[in-house]
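So this block is protein.txt, compact mmCIF, C-alpha atoms:
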# COMPACT_ATOMS: atom_id res chain seq x y z
CA MET A 14 -22.62 19.18 33.36
CA GLY A 15 -19.33 20.25 34.88
CA ILE A 16 -15.86 20.58 33.53
CA ALA A 17 -15.03 17.05 34.61
CA ASP A 18 -17.81 15.66 32.45
CA ALA A 19 -16.62 17.75 29.53
CA VAL A 20 -13.13 16.29 29.52
CA THR A 21 -14.18 12.72 30.17
CA PRO A 22 -14.50 11.79 26.49
CA VAL A 23 -10.94 12.89 25.94
CA LYS A 24 -9.72 10.75 28.77
CA MET A 25 -11.62 7.76 27.46
CA VAL A 26 -9.56 7.64 24.28
CA THR A 27 -5.93 7.24 25.16
CA ILE A 28 -3.14 8.22 22.85
CA ASP A 29 -1.77 4.70 23.02
CA GLU A 30 -5.05 3.14 22.02
CA MET A 31 -5.49 5.39 19.04
CA ALA A 32 -1.91 5.31 17.94
CA GLN A 33 -1.53 1.55 17.93
CA THR A 34 -4.60 0.87 15.84
CA PHE A 35 -3.85 3.66 13.46
CA ALA A 36 -0.11 3.19 13.30
CA ASP A 37 -0.33 -0.47 12.34
CA GLN A 38 -2.06 0.54 9.12
CA PHE A 39 1.17 2.07 7.87
CA ALA A 40 4.42 0.34 7.04
CA ASN A 41 7.80 2.01 6.98
CA ILE A 42 10.71 0.30 5.31
CA THR A 43 13.80 0.22 7.49
CA TRP A 44 17.15 -1.41 6.81
CA GLY A 45 19.55 -3.15 9.10
CA THR A 46 23.29 -2.70 8.92
CA PRO A 47 24.71 -4.47 5.86
CA GLY A 48 26.91 -7.43 6.65
CA ALA A 49 30.52 -7.78 5.65
CA GLU A 50 31.28 -8.50 2.01
CA ALA A 51 31.95 -12.16 1.39
CA LEU A 52 32.44 -13.74 -2.01
CA GLU A 53 31.25 -10.51 -3.64
CA LYS A 54 27.96 -10.66 -1.72
CA ILE A 55 26.54 -8.49 1.04
CA ALA A 56 23.51 -9.43 3.12
CA VAL A 57 21.14 -6.89 4.58
CA THR A 58 17.71 -7.19 6.16
CA LEU A 59 14.67 -5.09 5.37
CA GLN A 60 12.33 -4.77 8.35
CA LEU A 61 8.88 -3.20 8.29
CA LYS A 62 8.08 -0.91 11.17
CA ASN A 63 5.01 1.11 12.06
CA PRO A 64 5.30 4.89 12.51
CA LEU A 65 5.95 4.31 16.22
CA GLY A 66 9.13 2.44 15.33
CA GLU A 67 7.77 -0.94 16.33
CA ASN A 68 8.31 -4.01 14.16
CA LEU A 69 5.30 -4.50 11.93
CA VAL A 70 4.59 -8.17 11.36
CA VAL A 71 2.69 -8.18 8.09
CA VAL A 72 3.13 -9.44 4.56
CA GLU A 73 3.73 -6.46 2.34
CA ARG A 74 4.58 -6.31 -1.35
CA ILE A 75 7.56 -4.13 -2.14
CA ARG A 76 9.57 -3.43 -5.24
CA LEU A 77 13.31 -3.32 -4.68
CA THR A 78 15.70 -1.78 -7.15
CA CYS A 79 19.43 -1.26 -6.90
CA THR A 80 22.33 0.39 -8.65
CA ALA A 81 22.87 -0.97 -12.16
CA GLY A 82 25.40 -3.75 -12.37
CA ALA A 83 24.42 -5.40 -9.10
CA ILE A 84 21.88 -8.14 -8.66
CA MET A 85 19.62 -9.11 -5.79
CA VAL A 86 18.29 -12.40 -4.46
CA ILE A 87 16.77 -13.61 -1.21
CA ALA A 88 19.45 -14.76 1.22
CA ALA A 89 19.80 -18.49 1.75
CA ALA A 90 17.18 -19.63 4.27
CA GLY A 91 16.17 -16.01 4.61
CA ASP A 92 12.81 -14.61 5.57
CA GLY A 93 10.43 -13.41 2.88
CA THR A 94 9.41 -14.38 -0.63
CA VAL A 95 10.52 -13.26 -4.08
CA LEU A 96 7.60 -12.77 -6.45
CA SER A 97 9.59 -11.79 -9.52
CA GLY A 98 12.95 -10.54 -10.66
CA ALA A 99 15.24 -12.75 -8.59
CA GLY A 100 18.83 -12.31 -9.74
CA THR A 101 18.20 -8.92 -11.28
CA GLU A 102 18.40 -5.28 -10.22
CA ASP A 103 14.60 -4.99 -10.09
CA MET A 104 12.82 -7.41 -7.79
CA ILE A 105 9.33 -7.61 -6.32
CA ILE A 106 9.18 -9.26 -2.93
CA GLU A 107 6.90 -10.01 -0.01
CA THR A 108 7.96 -9.63 3.58
CA ASP A 109 7.70 -12.60 5.90
CA ALA A 110 4.37 -13.19 7.63
CA VAL A 111 6.02 -14.02 10.94
CA THR A 112 8.70 -11.35 11.10
CA GLY A 113 7.68 -8.60 8.67
CA SER A 114 11.19 -8.77 7.29
CA PHE A 115 13.00 -9.73 4.11
CA ASP A 116 16.56 -11.01 4.01
CA LEU A 117 18.27 -9.60 0.95
CA GLU A 118 21.56 -10.56 -0.62
CA VAL A 119 23.22 -8.14 -3.01
CA SER A 120 25.97 -9.26 -5.39
CA TYR A 121 28.44 -7.08 -7.25
CA VAL A 122 31.81 -7.74 -8.82
CA GLY A 123 34.16 -4.83 -8.30
CA ALA A 124 34.43 -1.86 -6.00
CA LEU A 125 31.31 0.29 -5.84
CA THR A 126 28.66 1.45 -3.42
CA ILE A 127 25.40 -0.21 -4.38
CA SER A 128 22.28 1.61 -3.24
CA VAL A 129 19.09 -0.36 -2.69
CA VAL A 130 15.74 1.37 -2.54
CA GLY A 131 12.23 0.08 -1.93
CA GLY A 132 8.98 1.30 -3.37
CA GLY A 133 5.28 0.60 -3.52
CA THR A 134 4.01 -1.46 -6.43
CA GLN A 135 0.93 -3.34 -7.59
CA GLY A 136 -0.69 -4.87 -4.56
CA SER A 137 1.13 -2.74 -1.99
CA GLY A 138 -0.51 -1.25 1.06
CA PHE A 139 0.44 2.00 2.73
CA VAL A 140 4.22 1.82 2.60
CA ALA A 141 6.70 4.63 3.23
CA CYS A 142 9.94 3.93 1.42
CA LYS A 143 12.08 6.94 2.17
CA GLU A 144 14.85 4.95 3.82
CA PHE A 145 17.38 3.24 1.58
CA VAL A 146 20.56 1.30 2.19
CA ASP A 147 24.06 1.44 0.74
CA CYS A 148 26.11 -1.72 0.35
CA VAL A 149 29.78 -0.89 -0.04
CA PHE A 150 31.74 -3.33 -2.18
CA THR A 151 35.51 -2.98 -2.04
CA MET B 2 -14.04 34.19 34.43
CA ARG B 3 -14.51 31.78 37.26
CA LEU B 4 -11.74 29.29 37.71
CA ASP B 5 -13.88 26.46 39.04
CA GLY B 6 -15.35 25.73 35.61
CA LYS B 7 -18.94 26.42 36.61
CA ALA B 8 -19.20 29.25 34.09
CA ILE B 9 -18.03 27.12 31.19
CA LYS B 10 -20.89 26.16 28.93
CA VAL B 11 -21.22 22.88 27.13
CA GLY B 12 -19.54 23.17 23.76
CA SER B 13 -17.48 26.18 24.72
CA ILE B 14 -14.08 24.51 24.88
CA PRO B 15 -12.42 22.24 22.33
CA ALA B 16 -12.36 19.22 24.59
CA ASP B 17 -16.08 19.59 25.19
CA ARG B 18 -16.75 19.59 21.47
CA LEU B 19 -15.03 16.26 20.86
CA ASP B 20 -17.36 13.46 19.95
CA PRO B 21 -15.96 10.34 21.64
CA THR B 22 -17.38 8.19 18.86
CA ILE B 23 -15.21 9.96 16.29
CA PRO B 24 -11.49 9.46 16.77
CA LEU B 25 -9.08 12.08 15.66
CA VAL B 26 -8.06 10.04 12.64
CA VAL B 27 -11.36 10.95 10.95
CA SER B 28 -9.80 14.15 9.78
CA LEU B 29 -7.17 12.09 8.00
CA LEU B 30 -9.44 9.49 6.50
CA ASP B 31 -9.74 10.99 3.06
CA LYS B 32 -5.95 11.18 2.82
CA PHE B 33 -5.52 7.41 2.90
CA LEU B 34 -7.45 5.51 0.29
CA VAL B 35 -8.16 1.83 -0.03
CA VAL B 36 -8.80 0.12 -3.37
CA THR B 37 -11.81 -2.22 -3.31
CA TRP B 38 -13.22 -4.36 -6.08
CA GLY B 39 -16.75 -5.19 -7.05
CA ALA B 40 -17.87 -8.51 -8.53
CA PRO B 41 -17.06 -9.11 -12.21
CA ALA B 42 -20.01 -8.79 -14.59
CA VAL B 43 -20.11 -10.85 -17.77
CA VAL B 44 -20.70 -8.90 -20.97
CA ASP B 45 -19.94 -11.74 -23.37
CA PRO B 46 -17.68 -14.81 -23.32
CA THR B 47 -14.56 -12.74 -23.88
CA THR B 48 -15.49 -9.52 -22.11
CA GLN B 49 -16.25 -8.71 -18.49
CA THR B 50 -16.46 -5.54 -16.47
CA ILE B 51 -15.36 -4.93 -12.91
CA VAL B 52 -15.58 -1.77 -10.85
CA VAL B 53 -12.85 -0.37 -8.64
CA GLN B 54 -14.16 1.81 -5.82
CA LEU B 55 -11.96 3.95 -3.62
CA VAL B 56 -12.96 3.89 0.03
CA ASP B 57 -11.46 5.33 3.18
CA MET B 58 -10.00 3.32 6.02
CA VAL B 59 -13.39 2.71 7.59
CA GLY B 60 -14.89 1.57 4.30
CA ASP B 61 -16.83 4.64 3.28
CA PRO B 62 -16.64 5.61 -0.40
CA VAL B 63 -14.28 8.46 -1.19
CA GLU B 64 -15.94 10.66 -3.75
CA ALA B 65 -12.93 12.07 -5.55
CA ALA B 66 -10.96 11.49 -8.73
CA HIS B 67 -7.59 9.85 -8.18
CA VAL B 68 -4.98 8.27 -10.42
CA LEU B 69 -3.98 4.62 -10.14
CA ARG B 70 -2.21 2.02 -12.21
CA VAL B 71 -4.00 -1.21 -13.03
CA THR B 72 -2.24 -4.25 -14.46
CA CYS B 73 -3.36 -7.75 -15.34
CA ASP B 74 -2.09 -11.03 -16.73
CA SER B 75 -0.64 -10.74 -20.20
CA GLN B 76 -3.40 -12.76 -21.88
CA ALA B 77 -5.93 -9.98 -21.23
CA ASP B 78 -6.39 -6.30 -21.99
CA LEU B 79 -7.80 -3.56 -19.79
CA ALA B 80 -9.86 -0.58 -20.90
CA VAL B 81 -11.90 2.02 -19.09
CA GLY B 82 -15.66 1.58 -19.28
CA ASP B 83 -18.47 3.86 -18.20
CA ALA B 84 -16.77 5.25 -15.07
CA GLY B 85 -13.39 6.91 -14.98
CA THR B 86 -10.88 8.15 -17.52
CA ALA B 87 -8.01 6.37 -19.23
CA LEU B 88 -4.77 8.34 -19.04
CA ALA B 89 -2.41 5.86 -20.65
CA GLY B 90 -2.36 2.27 -21.83
CA ASP B 91 -6.06 1.99 -22.62
CA GLY B 92 -6.64 -1.40 -24.20
CA THR B 93 -3.45 -2.93 -22.83
CA GLU B 94 -2.43 -5.02 -19.81
CA ASP B 95 -0.93 -1.97 -18.10
CA LEU B 96 -3.40 0.86 -17.68
CA ILE B 97 -3.08 4.20 -15.93
CA ALA B 98 -6.48 5.64 -15.22
CA GLN B 99 -8.35 8.11 -13.08
CA THR B 100 -11.46 7.35 -11.11
CA ASP B 101 -14.49 9.52 -11.70
CA ALA B 102 -15.70 12.06 -9.17
CA THR B 103 -17.42 9.32 -7.18
CA GLY B 104 -14.15 7.43 -6.75
CA ALA B 105 -15.24 4.71 -9.17
CA LEU B 106 -13.39 3.22 -12.11
CA GLN B 107 -15.09 0.70 -14.36
CA LEU B 108 -12.66 -1.64 -16.07
CA VAL B 109 -13.43 -3.65 -19.18
CA VAL B 110 -11.39 -6.83 -19.18
CA THR B 111 -11.03 -8.61 -22.50
CA CYS B 112 -9.57 -12.07 -22.83
CA ALA B 113 -9.88 -14.64 -25.63
CA GLU B 114 -8.51 -17.53 -23.56
CA GLU B 115 -10.34 -19.68 -21.03
CA VAL B 116 -8.27 -18.65 -18.02
CA VAL B 117 -8.55 -16.71 -14.79
CA ILE B 118 -7.12 -13.23 -15.10
CA SER B 119 -5.67 -11.58 -12.01
CA VAL B 120 -6.02 -7.83 -11.87
CA ALA B 121 -4.01 -5.65 -9.50
CA ALA B 122 -3.98 -1.97 -8.73
CA GLY B 123 -1.08 0.13 -7.55
CA PRO B 124 0.11 3.67 -7.05
CA THR B 125 1.79 5.65 -9.80
CA GLN B 126 2.67 9.25 -10.58
CA SER B 127 0.07 11.59 -9.02
CA SER B 128 -1.47 8.86 -6.89
CA PRO B 129 -2.47 9.56 -3.30
CA MET B 130 -1.59 7.23 -0.44
CA LEU B 131 -3.17 4.01 -1.67
CA ASP B 132 -3.73 0.67 -0.03
CA CYS B 133 -3.84 -1.73 -2.97
CA ARG B 134 -3.47 -5.02 -1.12
CA ALA B 135 -6.75 -6.31 -2.50
CA GLY B 136 -6.79 -7.58 -6.06
CA ALA B 137 -9.41 -9.24 -8.22
CA ASP B 138 -9.70 -12.42 -10.23
CA VAL B 139 -11.79 -12.42 -13.39
CA SER B 140 -12.60 -15.88 -14.66
CA PHE B 141 -13.06 -16.52 -18.36
CA ILE B 142 -13.47 -20.23 -17.78
CA PRO B 143 -16.94 -21.28 -18.91
CA ALA B 144 -19.22 -22.29 -16.04

Let me see the structure of the file written as structure tokens.
Amino acid sequence: MGIADAVTPVKMVTIDEMAQTFADQFANITWGTPGAEALEKIAVTLQLKNPLGENLVVVERIRLTCTAGAIMVIAAAGDGTVLSGAGTEDMIIETDAVTGSFDLEVSYVGALTISVVGGGTQGSGFVACKEFVDCVFT
Amino acid sequence: MRLDGKAIKVGSIPADRLDPTIPLVVSLLDKFLVVTWGAPAVVDPTTQTIVVQLVDMVGDPVEAAHVLRVTCDSQADLAVGDAGTALAGDGTEDLIAQTDATGALQLVVTCAEEVVISVAAGPTQSSPMLDCRAGADVSFIPA
């Protein structure tokens, strides 16, 4: 057996092959740029991504909470599903099966920066929720 | 040392020691746990047991004690049975419990109504990375 035979197994398993299979087991919450405030509402989209930064198209259960005083609902005709807590500051949602996203609408009367954070909950998979979003109401 | 590789013995370099059947993620498997559910077992008309088993991402049991939160529909109560330890909420619909050293947690589900009770697990304080997408239904509807 020569050196070429010794390294063959390494060459047989590419980084891309391993990373894709493995990476798609893990969801990262990312947020788009919040839209402009209109009628005391701001829309923002949550998108799941894998650790490689690619959109992850899966249904994932996530708990969303926001700064007290604001409320959250799914945007009109938006992607995703609300399981509980619509119209409150503590909502459990599922991302859309086709896009892996959830279209959120945050409402607040007054001038305040409303922070929205996600988290794992009952029925969640592997979800990293370190990223949050601020919606600035003026 | 010869530079043509002829002096290198099998197993002498890291690349040579890699088993191509074992991807690198094996070393991470016990860091990412998946909640699985056994079949409910009837104790009496208002009591059933069901076992949660932690497995790794390839389905092998993870023999370690870990904390998880288990909740169910409000008509039922959850308690820890022969496997695992209740940490909080024993006998309620919102239980925080620890699996035993084999990664198993036996739940005792009690319900006086003839309904199907959904049971879900989730992470909580001190939980590892948990995949809790699978839940369980326990039927108290007479056959």

- Please work out which residues fall within 9 Å of (4.0, -1.3, -4.1), coordinates as given in the file, with only C-alpha atoms counting, and return them as an NGL selection string. (:A and (73-76 or 105 or 131-140)) or (:B and (123-124 or 132-134))

Now that the selection is made, can you save its residues with C-alpha atoms as a tab-separated table (two decimals), in the coordinates of the input?
chain	number	residue	atom	x	y	z
A	73	GLU	CA	3.73	-6.46	2.34
A	74	ARG	CA	4.58	-6.31	-1.35
A	75	ILE	CA	7.56	-4.13	-2.14
A	76	ARG	CA	9.57	-3.43	-5.24
A	105	ILE	CA	9.33	-7.61	-6.32
A	131	GLY	CA	12.23	0.08	-1.93
A	132	GLY	CA	8.98	1.30	-3.37
A	133	GLY	CA	5.28	0.60	-3.52
A	134	THR	CA	4.01	-1.46	-6.43
A	135	GLN	CA	0.93	-3.34	-7.59
A	136	GLY	CA	-0.69	-4.87	-4.56
A	137	SER	CA	1.13	-2.74	-1.99
A	138	GLY	CA	-0.51	-1.25	1.06
A	139	PHE	CA	0.44	2.00	2.73
A	140	VAL	CA	4.22	1.82	2.60
B	123	GLY	CA	-1.08	0.13	-7.55
B	124	PRO	CA	0.11	3.67	-7.05
B	132	ASP	CA	-3.73	0.67	-0.03
B	133	CYS	CA	-3.84	-1.73	-2.97
B	134	ARG	CA	-3.47	-5.02	-1.12

- Task: For stretch 62-70 of chain B, list every protein, DNA or RNA residue within 8 Å, evaluated using all atoms listed in the file, and leave out those in the same chain fewer than 3 positions away; present the list as a list in words.
- Result: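 My list of contacting residues is Gln135 of chain A; Asp31, Leu34, Gln54, Leu55, Val56, Asp57, Asp95, Leu96, Ile97, Ala98, Gln99, Thr100, Asp101, Ala102, Thr103, Gly104, Ala122, Gly123, Pro124, Thr125, Gln126, Ser127, Ser128 and Pro129 of chain B.
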
Can you tell me, as AutoDock Vina command-line options, the centre and edge lengths (Å, one decimal) of the axis-aligned box enclosing all of stretch 107-126 of chain B's listed atoms after padding each side by 5 Å?
--center_x -6.2 --center_y -5.2 --center_z -16.3 --size_x 27.8 --size_y 38.9 --size_z 28.6

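Using all atoms listed in the file, the nearest neighbour of chain A within the list B:Leu108, B:Ala80, B:Ile51, B:Leu30 is B:Leu30.
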
- Between atom CA of B:Val36 and atom CA of B:Val120, measure the distance and give it in Å to one decimal.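 Atom CA of B:Val36 sits 12.0 Å away from atom CA of B:Val120.
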
Can you write out as JSON lines which residues of stretch 80-121 of chain A fall within 6 Å of stretch 32-56 of chain A, alongside each residue's closest atom pair and its distance in Å to one decimal, counting only C-alpha atoms and ordering rows by chain and ascending residue number?
{"residue": "A:Leu117", "atom": "CA", "partner": "A:Ala56", "partner_atom": "CA", "distance": 5.7}
{"residue": "A:Glu118", "atom": "CA", "partner": "A:Ala56", "partner_atom": "CA", "distance": 4.4}
{"residue": "A:Val119", "atom": "CA", "partner": "A:Ile55", "partner_atom": "CA", "distance": 5.2}
{"residue": "A:Ser120", "atom": "CA", "partner": "A:Lys54", "partner_atom": "CA", "distance": 4.4}
{"residue": "A:Tyr121", "atom": "CA", "partner": "A:Glu53", "partner_atom": "CA", "distance": 5.7}

- Residue among A:Val71, A:Leu77, A:Val146, A:Ala99 lying closest to chain B, counting all atoms listed in the file: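 Looking at the shortest contact to chain B, the residue is A:Val71.
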
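Nearest residue to chain B among A:Val122, A:Val95, A:Val72, A:Ala88 is A:Val72, counting all atoms listed in the file.
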
- Item | Atomic separation - atom CA of B:Ile142 relative to atom CA of B:Thr47, Å |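 If I compute the distance from atom CA of B:Thr47 to atom CA of B:Ile142, I get 9.7 Å.
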
- Query: What does the distance from atom CA of B:Asp61 to atom CA of B:Ala84 come to in Å, to one decimal?
  - Reply: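 Computed distance, atom CA of B:Asp61 to atom CA of B:Ala84, equals 18.4 Å.
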
- Task: Point out the residue among B:Ala87, B:Val53, B:Val35, B:Val43 with the least atom-to-atom distance to chain A, counting only C-alpha atoms.
- Result: B:Val35

- Task: Give as a ChimeraX atom specification each residue that has an atom at most 10 Å from (-13.3, -18.8, -23.0) in the file, counting only C-alpha atoms.
- Result: /B:45-48,112-117,140-144

Write the residues of the selection above to a file with C-alpha atoms, as a PDB file, in the coordinates of the input.
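The resulting again.pdb:
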ATOM      1  CA  ASP B  45     -19.940 -11.740 -23.370  1.00  0.00           C
ATOM      2  CA  PRO B  46     -17.680 -14.810 -23.320  1.00  0.00           C
ATOM      3  CA  THR B  47     -14.560 -12.740 -23.880  1.00  0.00           C
ATOM      4  CA  THR B  48     -15.490  -9.520 -22.110  1.00  0.00           C
ATOM      5  CA  CYS B 112      -9.570 -12.070 -22.830  1.00  0.00           C
ATOM      6  CA  ALA B 113      -9.880 -14.640 -25.630  1.00  0.00           C
ATOM      7  CA  GLU B 114      -8.510 -17.530 -23.560  1.00  0.00           C
ATOM      8  CA  GLU B 115     -10.340 -19.680 -21.030  1.00  0.00           C
ATOM      9  CA  VAL B 116      -8.270 -18.650 -18.020  1.00  0.00           C
ATOM     10  CA  VAL B 117      -8.550 -16.710 -14.790  1.00  0.00           C
ATOM     11  CA  SER B 140     -12.600 -15.880 -14.660  1.00  0.00           C
ATOM     12  CA  PHE B 141     -13.060 -16.520 -18.360  1.00  0.00           C
ATOM     13  CA  ILE B 142     -13.470 -20.230 -17.780  1.00  0.00           C
ATOM     14  CA  PRO B 143     -16.940 -21.280 -18.910  1.00  0.00           C
ATOM     15  CA  ALA B 144     -19.220 -22.290 -16.040  1.00  0.00           C
TER      16      ALA B 144
END
